Every structure is written in C-alpha cells, then in structure tokens.
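For reference, data_13.txt is printed below; it contains compact mmCIF, C-alpha atoms.
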```txt
# COMPACT_ATOMS: atom_id res chain seq x y z
CA MET A 1 -16.15 16.59 3.15
CA ALA A 2 -17.81 14.69 0.31
CA ALA A 3 -18.17 11.34 2.09
CA SER A 4 -20.35 10.90 5.15
CA PRO A 5 -18.77 11.49 8.56
CA LEU A 6 -17.59 8.46 10.50
CA ARG A 7 -17.59 7.50 14.15
CA ILE A 8 -13.93 6.65 14.76
CA LEU A 9 -12.39 5.08 17.84
CA GLN A 10 -8.66 5.68 18.16
CA ILE A 11 -6.91 3.19 20.45
CA CYS A 12 -3.38 3.91 21.64
CA SER A 13 -1.20 2.54 24.43
CA ALA A 14 1.22 5.50 24.43
CA ARG A 15 2.21 6.75 27.84
CA GLU A 16 1.87 10.39 26.82
CA VAL A 17 1.93 12.71 23.83
CA ILE A 18 5.59 13.54 23.42
CA TYR A 19 7.24 11.80 20.49
CA GLY A 20 6.53 10.01 17.24
CA ALA A 21 3.40 7.92 16.99
CA ALA A 22 1.42 9.73 19.69
CA LEU A 23 2.16 13.16 18.22
CA SER A 24 1.13 12.00 14.76
CA LEU A 25 -2.06 10.49 16.18
CA ARG A 26 -2.94 13.74 17.93
CA THR A 27 -2.44 15.65 14.67
CA LEU A 28 -4.59 13.13 12.80
CA ALA A 29 -7.42 13.14 15.34
CA LEU A 30 -7.63 16.94 15.53
CA ALA A 31 -7.77 17.17 11.75
CA GLN A 32 -10.38 14.39 11.53
CA ARG A 33 -12.56 16.26 13.99
CA THR A 34 -12.17 19.45 11.98
CA ALA A 35 -13.17 17.50 8.85
CA GLY A 36 -16.46 16.55 10.50
CA HIS A 37 -15.79 13.08 11.86
CA HIS A 38 -16.76 12.07 15.39
CA VAL A 39 -13.52 10.92 17.03
CA GLU A 40 -13.23 9.17 20.38
CA PHE A 41 -10.24 7.69 22.19
CA LEU A 42 -9.63 4.56 24.16
CA GLY A 43 -6.50 4.67 26.29
CA PHE A 44 -4.79 2.44 28.79
CA GLN A 45 -5.68 3.11 32.41
CA GLY A 46 -3.15 5.08 34.43
CA LYS A 47 -1.33 6.71 31.50
CA PRO A 48 -1.21 10.52 31.07
CA PHE A 49 -2.15 10.07 27.40
CA VAL A 50 -5.76 9.56 28.49
CA SER A 51 -6.07 12.91 30.25
CA GLN A 52 -4.14 14.68 27.50
CA MET A 53 -6.70 13.59 24.91
CA ARG A 54 -9.56 14.45 27.24
CA ASP A 55 -8.08 17.95 27.69
CA LEU A 56 -8.29 18.36 23.91
CA GLY A 57 -12.04 17.78 24.12
CA PHE A 58 -12.22 14.18 22.88
CA PRO A 59 -14.54 11.65 24.54
CA VAL A 60 -12.20 9.16 26.21
CA ALA A 61 -12.63 5.69 27.71
CA GLU A 62 -10.02 3.95 29.84
CA VAL A 63 -9.33 0.24 30.00
CA LYS A 64 -6.95 -1.62 32.28
CA VAL A 65 -4.67 -3.75 30.12
CA ARG A 66 -2.50 -6.20 32.01
CA SER A 67 -0.76 -8.12 29.23
CA LYS A 68 0.01 -8.18 25.52
CA VAL A 69 -3.19 -10.18 24.99
CA ASP A 70 -5.69 -9.49 27.77
CA PRO A 71 -9.08 -11.25 27.32
CA PHE A 72 -10.73 -9.07 29.95
CA ALA A 73 -9.48 -5.87 28.29
CA ILE A 74 -10.57 -7.14 24.89
CA THR A 75 -14.08 -7.82 26.20
CA ARG A 76 -14.27 -4.36 27.76
CA MET A 77 -13.00 -2.71 24.58
CA ALA A 78 -15.58 -4.56 22.50
CA LYS A 79 -18.31 -3.29 24.81
CA VAL A 80 -17.09 0.30 24.34
CA ILE A 81 -17.06 -0.16 20.56
CA ARG A 82 -20.65 -1.44 20.53
CA GLU A 83 -22.03 1.08 23.04
CA ARG A 84 -20.55 4.03 21.21
CA ARG A 85 -21.72 2.78 17.79
CA ILE A 86 -18.23 3.00 16.31
CA ASP A 87 -17.89 2.65 12.52
CA VAL A 88 -14.17 1.92 12.42
CA VAL A 89 -11.49 1.20 15.00
CA HIS A 90 -8.00 2.60 14.43
CA THR A 91 -5.15 1.22 16.55
CA HIS A 92 -1.60 2.46 17.13
CA LEU A 93 1.40 0.63 18.64
CA SER A 94 1.65 -3.10 19.16
CA THR A 95 -0.21 -3.78 22.43
CA SER A 96 -3.05 -1.48 21.33
CA SER A 97 -3.24 -3.28 18.00
CA VAL A 98 -3.29 -6.81 19.41
CA ASN A 99 -6.06 -6.08 21.89
CA GLY A 100 -7.88 -3.40 19.90
CA THR A 101 -8.22 -5.33 16.65
CA LEU A 102 -9.36 -8.46 18.50
CA ALA A 103 -11.96 -6.32 20.28
CA ALA A 104 -13.10 -4.86 16.96
CA ARG A 105 -13.46 -8.35 15.54
CA LEU A 106 -15.49 -9.39 18.60
CA ALA A 107 -17.72 -6.33 18.12
CA LYS A 108 -18.00 -7.06 14.37
CA VAL A 109 -16.52 -3.68 13.42
CA PRO A 110 -13.70 -3.19 10.87
CA SER A 111 -10.31 -2.14 12.17
CA VAL A 112 -7.26 -0.36 10.79
CA ALA A 113 -3.87 -0.67 12.48
CA THR A 114 -1.09 1.83 11.81
CA VAL A 115 2.38 0.28 11.88
CA HIS A 116 4.65 3.08 13.08
CA GLY A 117 7.91 1.12 13.11
CA MET A 118 9.81 -1.86 11.75
CA SER A 119 7.55 -4.16 13.73
CA SER A 120 6.67 -7.83 13.76
CA LYS A 121 3.52 -8.69 11.84
CA MET A 122 2.27 -10.71 14.82
CA SER A 123 0.72 -7.67 16.50
CA PHE A 124 -1.38 -6.80 13.45
CA LEU A 125 -2.71 -10.11 12.14
CA THR A 126 -6.35 -9.50 13.07
CA ALA A 127 -6.66 -5.97 11.63
CA THR A 128 -8.89 -5.59 8.58
CA ARG A 129 -6.31 -3.33 6.94
CA LEU A 130 -2.88 -1.99 7.82
CA ILE A 131 -1.39 1.46 7.35
CA ALA A 132 2.38 1.55 6.95
CA VAL A 133 3.96 4.94 7.63
CA SER A 134 6.44 4.41 4.77
CA HIS A 135 7.03 2.10 1.83
CA GLN A 136 9.97 0.69 3.75
CA VAL A 137 7.61 -0.37 6.57
CA LYS A 138 5.29 -1.95 4.01
CA SER A 139 8.21 -3.89 2.52
CA HIS A 140 9.22 -5.02 6.00
CA LEU A 141 5.72 -6.41 6.62
CA MET A 142 5.59 -8.06 3.21
CA GLN A 143 8.94 -9.76 3.87
CA GLN A 144 7.22 -11.40 6.84
CA GLY A 145 4.47 -12.73 4.60
CA MET A 146 1.84 -10.04 5.05
CA PRO A 147 -0.14 -9.65 1.78
CA ALA A 148 0.52 -6.37 -0.02
CA SER A 149 -3.21 -6.10 -0.74
CA ARG A 150 -3.90 -5.50 2.97
CA ILE A 151 -1.35 -2.68 3.39
CA ASP A 152 -1.71 0.98 2.46
CA VAL A 153 1.10 3.53 2.81
CA VAL A 154 0.11 6.78 4.52
CA TYR A 155 2.85 9.13 5.64
CA ASN A 156 2.51 10.74 9.04
CA GLY A 157 1.44 14.32 8.46
CA LEU A 158 2.10 17.67 10.05
CA ASP A 159 -0.09 20.74 10.40
CA THR A 160 2.16 23.40 8.91
CA GLY A 161 -0.48 26.14 8.90
CA ASP A 162 0.68 28.33 11.78
CA ILE A 163 4.42 27.65 11.99
CA GLN A 164 6.24 30.92 12.57
CA THR A 165 9.95 31.35 13.21
CA ASN A 166 12.14 34.29 14.19
CA THR A 167 15.77 33.20 14.09
CA ASP A 168 17.39 36.28 15.68
CA GLU A 169 14.84 36.44 18.48
CA VAL A 170 15.25 32.76 19.36
CA ARG A 171 19.05 32.86 19.13
CA THR A 172 19.11 35.89 21.42
CA ARG A 173 16.89 34.14 23.97
CA LEU A 174 19.06 31.02 23.87
CA GLY A 175 22.31 32.98 24.05
CA LEU A 176 23.36 31.84 20.58
CA LEU A 177 23.45 35.12 18.71
CA ASP A 178 27.26 35.38 18.60
CA VAL A 179 28.07 31.75 17.80
CA GLY A 180 27.62 29.48 14.83
CA PRO A 181 27.03 27.69 12.62
CA ILE A 182 24.24 25.96 14.54
CA LEU A 183 23.29 22.33 13.92
CA GLY A 184 20.57 20.51 15.77
CA THR A 185 18.54 17.37 16.29
CA VAL A 186 15.02 16.93 17.67
CA SER A 187 14.81 13.35 18.90
CA ARG A 188 14.67 10.98 21.80
CA VAL A 189 18.19 10.49 23.10
CA THR A 190 18.50 6.72 22.77
CA PRO A 191 21.14 4.49 21.16
CA LEU A 192 18.99 3.86 18.07
CA LYS A 193 18.73 7.58 17.37
CA GLY A 194 22.50 7.84 16.92
CA ILE A 195 23.10 11.01 18.95
CA ASP A 196 26.54 9.63 19.84
CA SER A 197 27.33 9.51 16.11
CA ALA A 198 26.24 13.14 15.77
CA ILE A 199 28.55 14.16 18.61
CA ARG A 200 31.46 12.44 16.87
CA THR A 201 30.42 14.28 13.70
CA VAL A 202 30.63 17.56 15.62
CA ALA A 203 34.15 16.61 16.75
CA HIS A 204 35.15 16.21 13.09
CA LEU A 205 33.69 19.64 12.26
CA ARG A 206 35.04 21.59 15.23
CA PRO A 207 38.55 22.31 13.85
CA GLU A 208 37.03 24.18 10.89
CA PHE A 209 34.05 25.60 12.82
CA PRO A 210 35.30 26.22 16.40
CA ASN A 211 32.19 28.23 17.34
CA LEU A 212 29.80 25.56 16.05
CA ARG A 213 26.94 24.66 18.36
CA TYR A 214 24.98 21.41 18.24
CA LEU A 215 21.54 21.58 19.89
CA ILE A 216 19.91 18.38 21.11
CA VAL A 217 16.19 18.81 21.80
CA GLY A 218 14.85 15.71 23.53
CA ASP A 219 15.61 13.38 26.39
CA GLY A 220 16.22 9.69 26.88
CA ASP A 221 18.26 7.01 28.55
CA ALA A 222 21.43 7.70 26.53
CA GLN A 223 21.73 11.35 27.52
CA GLU A 224 24.29 10.80 30.28
CA SER A 225 26.53 8.65 28.07
CA CYS A 226 26.29 11.24 25.29
CA GLN A 227 27.30 14.02 27.68
CA THR A 228 30.28 11.92 28.76
CA LEU A 229 31.24 11.32 25.12
CA ALA A 230 31.09 15.04 24.33
CA ALA A 231 33.44 15.75 27.24
CA GLU A 232 35.84 12.98 26.17
CA LEU A 233 35.97 14.35 22.61
CA GLY A 234 36.54 17.90 23.82
CA VAL A 235 33.29 19.28 22.38
CA ALA A 236 31.27 19.65 25.59
CA GLU A 237 31.02 23.42 25.09
CA ASN A 238 29.82 22.88 21.50
CA VAL A 239 27.02 20.45 22.42
CA ILE A 240 23.96 21.73 24.27
CA PHE A 241 21.31 19.41 25.73
CA TYR A 242 17.93 21.15 26.05
CA GLY A 243 15.87 18.14 27.11
CA TYR A 244 12.29 17.60 26.02
CA GLN A 245 10.56 20.75 24.75
CA LYS A 246 6.94 21.13 23.70
CA ASP A 247 7.65 23.93 21.24
CA VAL A 248 10.28 22.38 18.99
CA PHE A 249 9.83 24.99 16.27
CA SER A 250 11.42 27.76 18.31
CA TYR A 251 14.53 25.60 18.60
CA LEU A 252 14.42 24.58 14.95
CA SER A 253 14.32 28.24 13.95
CA ALA A 254 17.67 28.76 15.68
CA MET A 255 19.38 26.13 13.49
CA ASP A 256 21.23 26.43 10.20
CA LEU A 257 21.15 22.69 9.51
CA PHE A 258 19.22 19.71 10.81
CA LEU A 259 21.24 16.59 11.64
CA PHE A 260 19.42 13.27 11.94
CA PRO A 261 21.85 10.36 12.52
CA SER A 262 19.27 7.64 13.29
CA ARG A 263 20.25 3.99 13.05
CA LYS A 264 16.68 2.75 12.61
CA GLU A 265 13.72 4.82 11.44
CA ALA A 266 10.34 3.94 9.97
CA MET A 267 9.76 7.48 8.72
CA GLY A 268 10.78 10.28 11.10
CA ILE A 269 8.18 12.97 11.79
CA ALA A 270 11.02 15.11 13.22
CA LEU A 271 12.38 15.32 9.67
CA VAL A 272 9.08 16.76 8.49
CA GLU A 273 9.13 19.29 11.34
CA ALA A 274 12.62 20.37 10.28
CA MET A 275 11.52 20.71 6.65
CA ALA A 276 8.49 22.73 7.69
CA ALA A 277 10.86 25.07 9.51
CA GLY A 278 12.79 25.54 6.27
CA LEU A 279 15.88 23.57 7.26
CA PRO A 280 18.07 21.53 4.94
CA THR A 281 18.93 18.14 6.44
CA VAL A 282 21.87 15.79 6.72
CA ALA A 283 20.59 12.35 7.68
CA THR A 284 21.34 8.66 7.53
CA ARG A 285 20.19 6.47 4.68
CA VAL A 286 18.15 4.02 6.76
CA GLY A 287 14.54 2.81 6.85
CA GLY A 288 12.02 5.29 5.50
CA ILE A 289 14.31 8.34 5.69
CA PRO A 290 15.10 8.37 1.93
CA GLU A 291 11.36 8.66 1.29
CA VAL A 292 11.32 11.87 3.32
CA ILE A 293 14.69 13.45 2.54
CA THR A 294 15.17 13.69 -1.23
CA PRO A 295 18.23 15.27 -2.90
CA SER A 296 16.36 18.57 -3.23
CA VAL A 297 16.07 18.99 0.54
CA GLY A 298 19.12 17.30 2.04
CA LEU A 299 22.05 14.91 1.90
CA LEU A 300 22.10 11.28 3.05
CA ARG A 301 24.98 9.17 4.29
CA ALA A 302 25.35 5.69 5.78
CA ASN A 303 24.55 5.33 9.46
CA ASP A 304 27.55 5.48 11.80
CA ASP A 305 29.63 7.08 9.02
CA ASP A 306 30.67 9.98 11.22
CA GLU A 307 33.20 11.31 8.72
CA GLY A 308 30.67 11.05 5.90
CA LEU A 309 28.07 12.93 7.93
CA ALA A 310 30.67 15.58 8.75
CA GLU A 311 31.59 15.89 5.06
CA ALA A 312 27.91 16.37 4.13
CA CYS A 313 27.46 18.98 6.84
CA ARG A 314 30.64 20.73 5.72
CA THR A 315 29.42 20.81 2.12
CA LEU A 316 26.19 22.58 3.05
CA LEU A 317 27.72 24.88 5.66
CA ARG A 318 30.16 26.15 3.04
CA ASP A 319 27.43 26.69 0.40
CA LEU A 320 24.88 29.22 1.62
CA PRO A 321 22.93 29.51 -1.70
CA THR A 322 22.38 25.74 -1.88
CA ARG A 323 21.44 25.64 1.78
CA LEU A 324 18.87 28.38 1.33
CA GLU A 325 17.39 26.75 -1.79
CA MET A 326 17.12 23.42 0.02
CA GLY A 327 15.29 25.21 2.81
CA VAL A 328 12.74 26.62 0.36
CA GLN A 329 12.22 23.21 -1.23
CA ALA A 330 11.95 21.63 2.23
CA ARG A 331 9.07 23.91 3.24
CA TYR A 332 7.25 23.12 0.02
CA ARG A 333 7.76 19.37 0.39
CA ALA A 334 6.59 19.39 4.01
CA ARG A 335 3.42 21.25 3.05
CA THR A 336 2.51 19.26 -0.06
CA VAL A 337 3.69 15.70 0.60
CA PHE A 338 3.48 15.54 4.39
CA GLY A 339 0.69 18.02 5.10
CA VAL A 340 -2.12 17.09 7.43
CA ASP A 341 -4.76 17.19 4.68
CA ALA A 342 -2.94 14.53 2.70
CA MET A 343 -2.76 12.31 5.79
CA VAL A 344 -6.44 12.76 6.67
CA ASN A 345 -7.68 12.11 3.13
CA ALA A 346 -5.51 9.03 2.68
CA THR A 347 -6.51 7.65 6.08
CA ASP A 348 -10.18 8.23 5.30
CA ALA A 349 -9.77 6.23 2.09
CA VAL A 350 -8.26 3.34 4.06
CA TYR A 351 -11.15 3.40 6.53
CA ARG A 352 -13.68 3.19 3.73
CA ARG A 353 -11.81 0.38 2.05
CA ALA A 354 -11.89 -1.48 5.36
CA MET A 355 -15.61 -0.85 5.60
CA GLY A 356 -16.20 -2.00 2.04
CA MET A 357 -17.41 1.39 0.81
CA GLN A 358 -14.92 1.70 -2.03
CA ALA A 359 -14.57 -1.73 -3.59
CA GLU A 360 -11.83 -2.01 -6.19
CA PRO A 361 -12.20 -4.43 -9.12
CA GLY A 362 -10.29 -7.62 -8.57
CA ASP A 363 -9.43 -6.85 -4.93
CA PRO A 364 -11.09 -9.47 -2.69
CA GLU A 365 -10.33 -7.32 0.34
CA THR A 366 -12.77 -4.61 -0.70
CA THR A 367 -15.66 -6.30 -2.47
CA ALA A 368 -18.06 -6.27 0.46
CA SER A 369 -21.17 -4.22 -0.20
CA SER A 370 -22.16 -1.24 1.91
CA GLN A 371 -24.91 -3.41 3.42
CA SER A 372 -22.27 -5.60 5.10
CA LEU A 373 -20.08 -2.97 6.74
CA ARG A 374 -20.32 -4.55 10.13
CA SER A 375 -19.10 -7.91 8.85
CA ALA A 376 -15.83 -6.65 7.36
CA ASN A 377 -13.85 -8.56 9.96
CA GLN A 378 -15.56 -11.92 9.53
CA PRO A 379 -13.66 -15.07 8.47
CA ALA A 380 -14.15 -14.43 4.74
CA ASN A 381 -11.74 -11.51 5.03
CA GLN A 382 -9.13 -13.35 7.07
CA ASP A 383 -6.12 -13.72 4.84
CA SER A 384 -3.38 -13.41 7.43
CA PRO A 385 -0.55 -15.81 6.79
```
Could you render the structure from this file as structure tokens?
Amino acid sequence: MAASPLRILQICSAREVIYGAALSLRTLALAQRTAGHHVEFLGFQGKPFVSQMRDLGFPVAEVKVRSKVDPFAITRMAKVIRERRIDVVHTHLSTSSVNGTLAARLAKVPSVATVHGMSSKMSFLTATRLIAVSHQVKSHLMQQGMPASRIDVVYNGLDTGDIQTNTDEVRTRLGLLDVGPILGTVSRVTPLKGIDSAIRTVAHLRPEFPNLRYLIVGDGDAQESCQTLAAELGVAENVIFYGYQKDVFSYLSAMDLFLFPSRKEAMGIALVEAMAAGLPTVATRVGGIPEVITPSVGLLRANDDDEGLAEACRTLLRDLPTRLEMGVQARYRARTVFGVDAMVNATDAVYRRAMGMQAEPGDPETTASSQSLRSANQPANQDSP
C-alpha cells in the first residue's frame, strides 16, 4: 500500500452479521486489515455483532446506546476515539452515524458515514464526508439538499477470490437433481424485498415449466404470508424456503437464474453474489439495481410487474447460449467492478479526502493541509444544509 496505514474505527449498530450493510462492512474491514490498516470496532452493547467482530480478531469496544441521540454514549465514544488514537471514524447505519459522527466531532477526528439505503440526510449531517453505495443513493441525498461535494459513491464490494461451485453436487445434496429449471433469491423475506411478487411470477411460469423450483434463501417477517400465498396459487411444491444460510454460494450454484424482485434497493450486495456465482439475473428496475445489473448480465422489469418478470425469466430459460454468456459476463463484472480491492481503494481515498491529505483544486472540502488533520470536523467544514 503506497499511502501510510491508518487507524480506523468502524462503528456499527447492526444486531449481527447476516445481511446487507453488516456483511459489506465485514468484507471491508477484513480487506483493510490485509492492506495494512489498523482496524478497530465499536459496537452497541448487548448485540451479537460485537462478539462476531471480536471472533474475527478485531479489537472491539462496546457502548450502551439508549436513544437515537445519546449524549452519554457520544461522550463514551469520543473517549474511545481519543484513547485509541483513531485517525478516521467510519460509521454505518443511522443510529451509529448520528452518535458516531457527533463523537468524532467531539474528539476532533474526521468521520465518514456510509449511507447504505434510501435514508434521510438527518442522520448524517455531522459527518465530514459521506459514502453513498450507489449513484441513486447519492441523488436521493442531494434531493434533500446535501451538497454533492460531500458525497462519494463507493459500491459495496465482494471478495470473489475463493468462490467455488459444484452444481451437480449441490443439487444432489438438496434433492434437486431431477427437477428444473431452478430459480432462486437470496434475501430477507420482507414486504420490500418483493418475494410475494416472485411467487406470483413462479405461478405464471409453472404451466410451461411444471418442474420448476424456486429457492428462497433467507428469513424474515413475511415468510409465513409468502408460504400461504404459494399454497393459494398452487405452487407450494415449486417454492422451497431454506431460511437463513451462512454459505449462500452453495445455494446459488444450484440455480439456473437469479430472481430479485425488490421494491426498494439502494444497491443489492446479493446481486453481486449472484453475479460472482456466474448467474444471469432477472430483477426489478428500482433504486441502484440498474447500476449493478446491466444488459450484459441480466434483464430488468418494473417492480410488481409479475407478468413482465415471468416473461423475462421465460426469455432466458428458453435461450441457453444467452444465459451462459450472461453468466460469464456476470462473473467478470462482479470481479472487476464490485471486487473488494476496488471498494478498499475507493474507501481509502474518501478517508484521506476527509483527513485533508488529498486536496483537490477548487474543492473547499479538501483544502486542509496535512498539519490540520485533527481539525477536519471543525466549523469551517460545516456545510450541512
């Protein structure tokens, strides 16, 4: 690494490392450590996330946070930042960002907040800089009056280095060797993820593909209603709920096509996982999804357009050569655009902009000299609307 290593404090209020933001943060932190940075965590007391990061060998502090803005927690966080001589604070999720960036300001240390969803700007006003996980998220923040000059786009990345799949072996283990085609989704099972729409899509496809199987890998509060819907539509035997699984790639390797019917999505790391597994995708045209799924790797339709999603699935299921070519392009895109190295390098650049190390001509956000790193969060840099 050409630049000097940093002492980074990652602050996250996630309950545990299962989905989305927490998974991406774990990937980032492991890669940052490999790159030579010193990475520590600050988690919320009583949440499994704390012990999960500690088990990975990271120094971890715990703070009791009782409210969205907790003065006592902020004071304690600031003390941790000072005692551990942190260079930059990086926050994730709204409650972490409100308290963590205020603590960083109190400790006179620059902060970066990653906005993982279509969130209100109010949780991120005191961060030195913001990372949006897609251009759509950046636009959403700008529509709320957040200056574009404070926002960098960094896609969540995936370590694709040791992904191995064996389709026949996995299908045999899952009892799927004599059925097909096989569609699947890796996602939380909640209304916003549109699993009910996918089940209706399966009902449209079943007359032509009676042995089709749709695998749902994930859990959530809409699972029972989705199971009821599958029974009502007569596709209960076609839809298989596997619940949450740590090793999603073994399930992805069983699929012919990835179906992602989300109604709201900032980016969708599950899409990158599917691409890394060599799967073409049929997804909804919402949020940051079109930035991930280009025409070379999948087909997009409007959300809740069950017939349109079925038509897109049908097109690819009937065309094996196109499906295979999309799978090849998907692997390449996952590795080059959404690889972990790209995420680490881009994040490092944001840190150093926040610290004033890489001033850009004409950008008042980054003109502080290296002698004033610790004052990057002082009133002169406060341009929040």
* To do: Please measure the separation of atom CA of A:Asp159 and atom CA of A:Ser96, giving the value in Å to one decimal.
  => 24.9 Å
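The space separating atom CA of A:Tyr242 from atom CA of A:Gly268 comes to 19.8 Å.
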Would you compute, for all listed atoms of stretch 242-260 of chain A, the axis-aligned bounding box grown by 6 Å on each side, and then report its centre and edge lengths in Å rounded to one decimal, as JSON?
```
{"center_x": 14.1, "center_y": 21.0, "center_z": 18.3, "size_x": 26.3, "size_y": 27.5, "size_z": 29.6}
```
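The spacing separating atom CA of A:Ser262 from atom CA of A:Glu16 amounts to 22.2 Å.
Considering all atoms listed in the file, the residue among A:Ser197, A:Gln329, A:Asn211, A:Thr185 positioned nearest to A:Leu257 is A:Thr185.
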* **Long-range neighbours of stretch 234-240 of chain A as a PyMOL selection string, 6 Å cut-off, only C-alpha atoms, 6 positions minimum in chain** => chain A and resi 213-215
Selection above as a file: C-alpha atoms, as an mmCIF file, in the frame of the given file:
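File again06.cif, as written:
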```cif
data_model
loop_
_atom_site.group_PDB
_atom_site.id
_atom_site.type_symbol
_atom_site.label_atom_id
_atom_site.label_comp_id
_atom_site.auth_asym_id
_atom_site.auth_seq_id
_atom_site.Cartn_x
_atom_site.Cartn_y
_atom_site.Cartn_z
ATOM 1 C CA ARG A 213 26.940 24.660 18.360
ATOM 2 C CA TYR A 214 24.980 21.410 18.240
ATOM 3 C CA LEU A 215 21.540 21.580 19.890
#
```
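By chain and then residue number, the residues within 10 Å of A:Met146 are A:Lys121, A:Met122, A:Phe124, A:Leu125, A:Leu130, A:Lys138, A:Ser139, A:His140, A:Leu141, A:Met142, A:Arg150, A:Ile151, A:Asp383, A:Ser384, A:Pro385, counting all atoms listed in the file and disregarding those fewer than 4 positions away in sequence.
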* Selection near stretch 164-181 of chain A, 9 Å with all atoms listed in the file, sequence-local residues under 6 positions removed, as a ChimeraX atom specification -> /A:209-214,249-257,277,317
